[in-house]
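Okay, data-v3.tsv now, which holds TSV, C-alpha atoms:
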```tsv
chain	number	residue	atom	x	y	z
I	1	GLU	CA	0.00	0.00	0.00
I	2	VAL	CA	1.30	3.43	-0.99
I	3	LEU	CA	1.37	5.80	2.00
I	4	LEU	CA	2.51	9.38	2.47
I	5	VAL	CA	2.60	10.40	6.14
I	6	GLN	CA	3.25	14.04	7.00
I	7	SER	CA	4.64	15.56	10.16
I	8	GLY	CA	2.36	17.16	12.71
I	9	ALA	CA	0.92	20.65	13.02
I	10	GLU	CA	3.32	23.51	13.68
I	11	VAL	CA	2.89	26.89	15.38
I	12	LYS	CA	5.70	29.37	14.74
I	13	LYS	CA	6.34	33.09	14.90
I	14	PRO	CA	6.90	35.16	11.75
I	15	GLY	CA	10.59	35.23	10.92
I	16	GLU	CA	11.26	31.77	12.31
I	17	SER	CA	12.42	28.85	10.20
I	18	LEU	CA	10.48	25.63	9.71
I	19	THR	CA	10.83	22.27	7.99
I	20	ILE	CA	7.92	19.87	7.51
I	21	SER	CA	8.25	16.30	6.25
I	22	CYS	CA	6.47	13.73	4.11
I	23	LYS	CA	7.51	10.12	4.73
I	24	THR	CA	6.65	7.68	1.95
I	25	SER	CA	6.29	3.91	1.90
I	26	GLY	CA	4.90	1.15	-0.30
I	27	TYR	CA	6.71	2.07	-3.51
I	28	THR	CA	10.15	2.93	-4.90
I	29	PHE	CA	10.71	6.50	-3.72
I	30	THR	CA	12.98	7.54	-6.59
I	31	THR	CA	10.53	6.46	-9.30
I	32	TYR	CA	7.92	9.20	-8.79
I	33	TYR	CA	8.13	12.98	-8.34
I	34	ILE	CA	6.76	14.50	-5.14
I	35	THR	CA	4.71	17.68	-5.31
I	36	TRP	CA	3.65	20.13	-2.60
I	37	VAL	CA	0.27	21.86	-2.55
I	38	ARG	CA	-0.85	24.80	-0.39
I	39	GLN	CA	-4.38	25.39	0.82
I	40	MET	CA	-4.92	28.64	2.68
I	41	PRO	CA	-7.84	28.79	5.14
I	42	GLY	CA	-11.14	28.53	3.27
I	43	LYS	CA	-9.40	28.68	-0.11
I	44	GLY	CA	-8.51	26.41	-3.02
I	45	LEU	CA	-5.52	24.26	-3.91
I	46	GLU	CA	-2.31	25.87	-5.19
I	47	TRP	CA	0.52	23.95	-6.84
I	48	MET	CA	3.80	24.99	-5.19
I	49	GLY	CA	6.29	22.92	-7.12
I	50	ARG	CA	7.78	19.45	-7.38
I	51	ILE	CA	10.97	17.55	-6.76
I	52	ASP	CA	12.47	14.55	-8.51
I	53	PRO	CA	13.72	12.30	-5.69
I	54	SER	CA	16.19	10.55	-8.01
I	55	ASP	CA	18.36	13.64	-8.47
I	56	SER	CA	16.71	16.35	-6.28
I	57	HIS	CA	15.94	18.47	-9.34
I	58	THR	CA	13.19	20.93	-8.49
I	59	ASN	CA	10.68	23.10	-10.33
I	60	TYR	CA	8.92	25.80	-8.33
I	61	SER	CA	5.83	27.81	-9.13
I	62	PRO	CA	6.84	31.48	-9.57
I	63	SER	CA	4.51	32.27	-6.66
I	64	PHE	CA	6.72	30.26	-4.29
I	65	GLN	CA	10.18	30.49	-5.92
I	66	GLY	CA	12.72	31.87	-3.46
I	67	HIS	CA	10.44	31.53	-0.43
I	68	VAL	CA	10.42	27.76	0.10
I	69	THR	CA	12.91	24.97	-0.49
I	70	MET	CA	12.05	21.39	-1.40
I	71	SER	CA	14.46	18.56	-0.64
I	72	VAL	CA	14.55	14.80	-0.14
I	73	ASP	CA	16.45	12.15	1.81
I	74	LYS	CA	16.50	9.11	-0.45
I	75	SER	CA	17.85	6.89	2.27
I	76	ILE	CA	14.63	7.17	4.27
I	77	GLY	CA	12.13	7.91	1.47
I	78	THR	CA	11.21	11.30	2.87
I	79	ALA	CA	10.53	14.66	1.24
I	80	TYR	CA	10.83	18.02	3.00
I	81	LEU	CA	9.43	21.52	2.61
I	82	GLN	CA	11.44	24.27	4.30
I	83	TRP	CA	11.02	27.97	5.09
I	84	SER	CA	13.97	30.07	6.28
I	85	SER	CA	11.77	32.96	7.40
I	86	LEU	CA	8.05	32.40	7.82
I	87	LYS	CA	5.48	35.09	7.11
I	88	ALA	CA	2.03	35.35	8.64
I	89	SER	CA	0.67	34.75	5.14
I	90	ASP	CA	2.27	31.28	5.14
I	91	THR	CA	-0.47	30.13	7.51
I	92	ALA	CA	-2.10	27.29	5.61
I	93	MET	CA	-2.49	23.54	5.24
I	94	TYR	CA	0.30	21.96	3.21
I	95	TYR	CA	-0.09	18.66	1.39
I	96	CYS	CA	2.51	16.45	-0.24
I	97	ALA	CA	1.40	14.17	-3.05
I	98	ARG	CA	2.96	11.60	-5.35
I	99	VAL	CA	2.97	12.62	-8.99
I	100	GLY	CA	1.66	9.85	-11.20
I	101	VAL	CA	1.32	10.19	-14.96
I	102	GLY	CA	-0.04	13.72	-15.12
I	103	ASP	CA	-1.93	13.46	-11.85
I	104	PHE	CA	-1.46	13.36	-8.08
I	105	ASP	CA	-2.41	9.80	-7.24
I	106	HIS	CA	-1.62	9.56	-3.53
I	107	TRP	CA	-1.73	12.34	-0.94
I	108	GLY	CA	-0.45	12.91	2.55
I	109	GLN	CA	-2.90	13.83	5.30
I	110	GLY	CA	-1.69	17.43	5.39
I	111	THR	CA	0.36	19.56	7.81
I	112	LEU	CA	-1.22	22.69	9.29
I	113	VAL	CA	1.29	25.52	9.60
I	114	THR	CA	0.34	28.54	11.69
I	115	ALA	CA	2.62	31.58	11.68
I	116	SER	CA	1.45	34.10	14.25
I	117	SER	CA	3.04	36.53	16.65
O	1	GLN	CA	-0.58	31.48	-15.04
O	2	SER	CA	-4.11	31.86	-13.70
O	3	ALA	CA	-6.06	29.07	-12.13
O	4	LEU	CA	-8.43	27.07	-14.30
O	5	THR	CA	-12.01	28.36	-14.09
O	6	GLN	CA	-14.71	26.33	-12.32
O	7	PRO	CA	-18.18	27.34	-11.12
O	8	ALA	CA	-18.11	28.23	-7.44
O	9	SER	CA	-21.00	25.93	-6.58
O	10	VAL	CA	-23.43	23.44	-8.07
O	11	SER	CA	-26.24	21.53	-6.42
O	12	GLY	CA	-28.54	18.64	-7.15
O	13	SER	CA	-31.01	16.28	-5.55
O	14	PRO	CA	-30.22	12.67	-4.69
O	15	GLY	CA	-30.34	10.49	-7.78
O	16	GLN	CA	-29.84	13.34	-10.19
O	17	SER	CA	-26.77	13.99	-12.36
O	18	LEU	CA	-24.67	17.09	-12.30
O	19	THR	CA	-21.71	18.34	-14.31
O	20	ILE	CA	-18.82	20.58	-13.26
O	21	SER	CA	-16.87	22.46	-15.92
O	22	CYS	CA	-13.18	23.36	-15.90
O	23	THR	CA	-12.07	25.94	-18.45
O	24	GLY	CA	-8.45	26.60	-19.32
O	25	ALA	CA	-6.42	27.31	-22.43
O	26	SER	CA	-4.59	25.57	-25.24
O	27	SER	CA	-1.44	25.59	-23.07
O	28	ASP	CA	-3.09	23.39	-20.45
O	29	VAL	CA	-6.52	21.69	-20.68
O	30	GLY	CA	-6.73	22.01	-24.46
O	31	GLY	CA	-3.21	20.83	-25.13
O	32	TYR	CA	-2.85	17.72	-22.97
O	33	THR	CA	-4.74	14.65	-21.82
O	34	TYR	CA	-3.28	15.15	-18.32
O	35	VAL	CA	-6.50	16.48	-16.84
O	36	SER	CA	-7.47	15.13	-13.44
O	37	TRP	CA	-10.18	15.71	-10.83
O	38	TYR	CA	-10.00	15.62	-7.03
O	39	GLN	CA	-12.68	15.29	-4.36
O	40	GLN	CA	-12.08	16.96	-1.00
O	41	HIS	CA	-14.36	16.47	1.98
O	42	PRO	CA	-14.17	19.06	4.79
O	43	GLY	CA	-11.05	18.63	6.89
O	44	LYS	CA	-9.70	15.87	4.66
O	45	ALA	CA	-6.97	15.58	2.06
O	46	PRO	CA	-7.95	15.65	-1.62
O	47	GLN	CA	-8.52	12.31	-3.35
O	48	LEU	CA	-8.04	11.53	-7.04
O	49	VAL	CA	-11.34	10.57	-8.72
O	50	ILE	CA	-10.53	11.00	-12.44
O	51	TYR	CA	-7.18	10.95	-14.29
O	52	ASP	CA	-6.22	11.33	-17.94
O	53	VAL	CA	-9.50	13.14	-18.69
O	54	ASN	CA	-11.82	10.13	-18.30
O	55	ASN	CA	-10.20	7.32	-16.30
O	56	ARG	CA	-11.19	6.23	-12.80
O	57	PRO	CA	-8.67	4.95	-10.26
O	58	SER	CA	-9.39	1.60	-8.69
O	59	GLY	CA	-12.00	1.95	-5.96
O	60	VAL	CA	-13.67	5.10	-7.30
O	61	SER	CA	-17.36	4.74	-8.05
O	62	ASN	CA	-18.39	4.44	-11.72
O	63	ARG	CA	-20.86	7.25	-11.03
O	64	PHE	CA	-17.93	9.59	-11.67
O	65	SER	CA	-17.00	10.26	-15.29
O	66	GLY	CA	-14.90	12.81	-17.14
O	67	SER	CA	-14.71	14.32	-20.61
O	68	LYS	CA	-13.02	17.12	-22.50
O	69	SER	CA	-13.89	19.35	-25.44
O	70	GLY	CA	-11.40	21.94	-26.61
O	71	ASN	CA	-10.16	23.96	-23.64
O	72	THR	CA	-12.92	22.78	-21.28
O	73	ALA	CA	-12.96	19.59	-19.23
O	74	SER	CA	-15.99	18.30	-17.35
O	75	LEU	CA	-16.71	16.02	-14.41
O	76	THR	CA	-20.12	14.37	-14.25
O	77	ILE	CA	-21.53	12.76	-11.13
O	78	SER	CA	-24.50	10.54	-11.87
O	79	GLY	CA	-26.94	9.10	-9.34
O	80	LEU	CA	-25.99	11.82	-6.86
O	81	GLN	CA	-25.60	10.61	-3.27
O	82	ALA	CA	-25.25	12.45	0.03
O	83	GLU	CA	-21.62	11.29	0.31
O	84	ASP	CA	-20.79	13.17	-2.90
O	85	GLU	CA	-21.21	16.50	-1.11
O	86	ALA	CA	-17.67	17.90	-1.16
O	87	ASP	CA	-15.35	20.31	-2.95
O	88	TYR	CA	-14.07	19.28	-6.36
O	89	TYR	CA	-10.94	20.55	-8.10
O	90	CYS	CA	-9.68	19.99	-11.61
O	91	SER	CA	-6.00	20.03	-12.49
O	92	SER	CA	-4.05	20.06	-15.72
O	93	TYR	CA	-0.47	19.77	-16.84
O	94	THR	CA	0.60	23.08	-18.33
O	95	SER	CA	3.31	24.36	-20.62
O	96	SER	CA	2.78	27.93	-19.46
O	97	GLY	CA	5.89	29.52	-17.99
O	98	THR	CA	7.78	27.41	-15.50
O	99	LEU	CA	4.73	25.73	-14.01
O	100	ASP	CA	4.19	22.01	-14.34
O	101	TYR	CA	0.60	21.92	-13.14
O	102	VAL	CA	-2.30	24.24	-12.43
O	103	PHE	CA	-5.44	23.68	-10.33
O	104	GLY	CA	-8.96	24.87	-10.91
O	105	THR	CA	-10.67	27.37	-8.63
O	106	GLY	CA	-12.77	24.64	-7.03
O	107	THR	CA	-16.49	23.81	-6.97
O	108	ARG	CA	-18.62	23.13	-3.91
O	109	VAL	CA	-21.16	20.38	-4.63
O	110	THR	CA	-24.25	20.43	-2.45
O	111	VAL	CA	-26.72	17.55	-2.31
O	112	LEU	CA	-30.14	19.02	-1.60
```
Show this structure as structure tokens.
Amino acid sequence: EVLLVQSGAEVKKPGESLTISCKTSGYTFTTYYITWVRQMPGKGLEWMGRIDPSDSHTNYSPSFQGHVTMSVDKSIGTAYLQWSSLKASDTAMYYCARVGVGDFDHWGQGTLVTASS
Amino acid sequence: QSALTQPASVSGSPGQSLTISCTGASSDVGGYTYVSWYQQHPGKAPQLVIYDVNNRPSGVSNRFSGSKSGNTASLTISGLQAEDEADYYCSSYTSSGTLDYVFGTGTRVTVL
């Protein structure tokens, strides 16, 4: 069974750094891209970017380029999403998903990030 | 790259059919078969219900079907059931700019 399990909810202050994780199992990690999706409170889904776990090559949406960093640890089948300096506007639910053939076929349960002073 | 356009809400009675549209451009919906649909219940993660325009993943009810004409894709739910009440999002691969994918604006389905 393919599973993506995300780390728990986080509460941080603006300006702080944060890394959330997405641990995969049930398939060969390096065979499928991982994507990250943001959902702000009461709003729709936004594609943030994706990473190729085989070589860590990334492609970011212009809306998120320079503000977040995607990475992986192949040895433990885990993807990461990192902020060096959170903003209040980063408050949202973040989902990781496996990229199938033109779709997102398996999703994590989501990580709620709250950035508030 | 703007989001794909969906109606904000649609509603129907149990047993009826309803269709949700998803309008894009030739650089996304119109140019590729990589159109997919996701169902999201409140407080839950999205779930894939249609991929490659009109294919259902294993375990998804055959009451869900998809189609595409030009730059517009559609999701049809037939035999509407209470459990279908949720938000639905389309997505497409895109060749616009540096994006790989774009989502639709989302549609709230209400079962009357």
Only residues of chain O matter here; which ones have an atom within 9 Å of chain I, counting all atoms listed in the file? Give them as a ChimeraX atom specification. /O:3,33-38,44-48,50-52,57,89,91-93,97-106
List every residue of region 21-56 of chain O that has an atom at most 7 Å from any atom of region 60-66 of chain O, giving for each one its closest atom pair and the distance in Å to one decimal, counting all atoms listed in the file, sorted by chain and then by ascending residue number, as a Markdown table.
```
| residue | atom | partner | partner_atom | distance |
| --- | --- | --- | --- | --- |
| O:Val49 | CA | O:Val60 | CA | 6.1 |
| O:Ile50 | CA | O:Gly66 | CA | 6.7 |
| O:Val53 | CA | O:Gly66 | CA | 5.6 |
| O:Asn54 | CA | O:Gly66 | CA | 4.2 |
| O:Arg56 | CA | O:Val60 | CA | 6.1 |
```
Using C-alpha atoms, can you export the residues from the last selection as a PDB file, in the frame of the given file?
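out_4.pdb was written with the following content:
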```pdb
ATOM      1  CA  VAL O  49     -11.340  10.570  -8.720  1.00  0.00           C
ATOM      2  CA  ILE O  50     -10.530  11.000 -12.440  1.00  0.00           C
ATOM      3  CA  VAL O  53      -9.500  13.140 -18.690  1.00  0.00           C
ATOM      4  CA  ASN O  54     -11.820  10.130 -18.300  1.00  0.00           C
ATOM      5  CA  ARG O  56     -11.190   6.230 -12.800  1.00  0.00           C
TER       6      ARG O  56
END
```
Return the single residue from O:Gln81, O:Thr23, O:Gln40, O:Ser11 that is closest to Thr110 (chain O), with distances computed using all atoms listed in the file. O:Ser11
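The two atoms in question, CA of Ile51 (chain I) and CA of Asp73 (chain I), are spaced 11.5 Å apart.
Compared by their closest atoms to Gly15 (chain I), and using all atoms listed in the file, the residues I:His57, I:Arg38, I:His67, I:Arg98 rank with I:His67 nearest.
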Work out how far apart CA of Val29 (chain O) and CA of Gly70 (chain O) are and give it in Å to one decimal. 7.7 Å
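CA of Cys90 (chain O) is found 13.9 Å from CA of Ile77 (chain O).
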Let me have the centre and edge lengths of the axis-aligned box enclosing all listed atoms of region 36-40 of chain O with 3 Å padding on every side, in Å to one decimal, as JSON.
```
{"center_x": -10.1, "center_y": 16.0, "center_z": -7.2, "size_x": 11.2, "size_y": 7.8, "size_z": 18.4}
```
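Of the listed residues (O:Ser13, O:Asp84, O:Ser2, O:Pro42), O:Ser2 comes nearest to Ser27 (chain O); the distances count only C-alpha atoms.
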So, counting only C-alpha atoms, which residue among I:Thr69, I:Thr28, I:Gln6, I:Ser21 is closest to Trp83 (chain I)? I:Thr69
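Nearest-residue note for Lys23 (chain I): choosing from I:Val5, I:Met40, I:Val11, I:Leu112, the minimum distance belongs to I:Val5, counting only C-alpha atoms.
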List the neighbours of Ile20 (chain I) out to 7 Å using only C-alpha atoms; skip same-chain residues closer than 2 positions along the sequence, and give me the result as a PDB file with C-alpha atoms, keeping the file's coordinate frame.
```pdb
ATOM      1  CA  SER I   7       4.640  15.560  10.160  1.00  0.00           C
ATOM      2  CA  LEU I  18      10.480  25.630   9.710  1.00  0.00           C
ATOM      3  CA  TYR I  80      10.830  18.020   3.000  1.00  0.00           C
ATOM      4  CA  LEU I  81       9.430  21.520   2.610  1.00  0.00           C
ATOM      5  CA  GLN I  82      11.440  24.270   4.300  1.00  0.00           C
TER       6      GLN I  82
END
```
Find the spatial neighbours of Gly79 (chain O), counting only C-alpha atoms, within a cut-off of 9 Å - ignore same-chain residues fewer than 6 positions away - and output them as a count of residues only. 6
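Of the residues under consideration (I:Ser117, I:Ile34, I:Gly26, I:Leu86), I:Ile34 shows the shortest atom-to-atom contact distance to Met70 (chain I) when counting all atoms listed in the file.
Residues lying at most 10 Å from (-0.8, 40.2, 13.5) in file coordinates, with only C-alpha atoms considered, are Pro14, Ala88, Ala115, Ser116 and Ser117 of chain I.
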Any chance you can output those residues with C-alpha atoms as a JSON list (two decimals), keeping the file's coordinate frame?
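Writing done, so here's out19.json:
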```json
[["chain", "number", "residue", "atom", "x", "y", "z"],
["I", 14, "PRO", "CA", 6.90, 35.16, 11.75],
["I", 88, "ALA", "CA", 2.03, 35.35, 8.64],
["I", 115, "ALA", "CA", 2.62, 31.58, 11.68],
["I", 116, "SER", "CA", 1.45, 34.10, 14.25],
["I", 117, "SER", "CA", 3.04, 36.53, 16.65]]
```
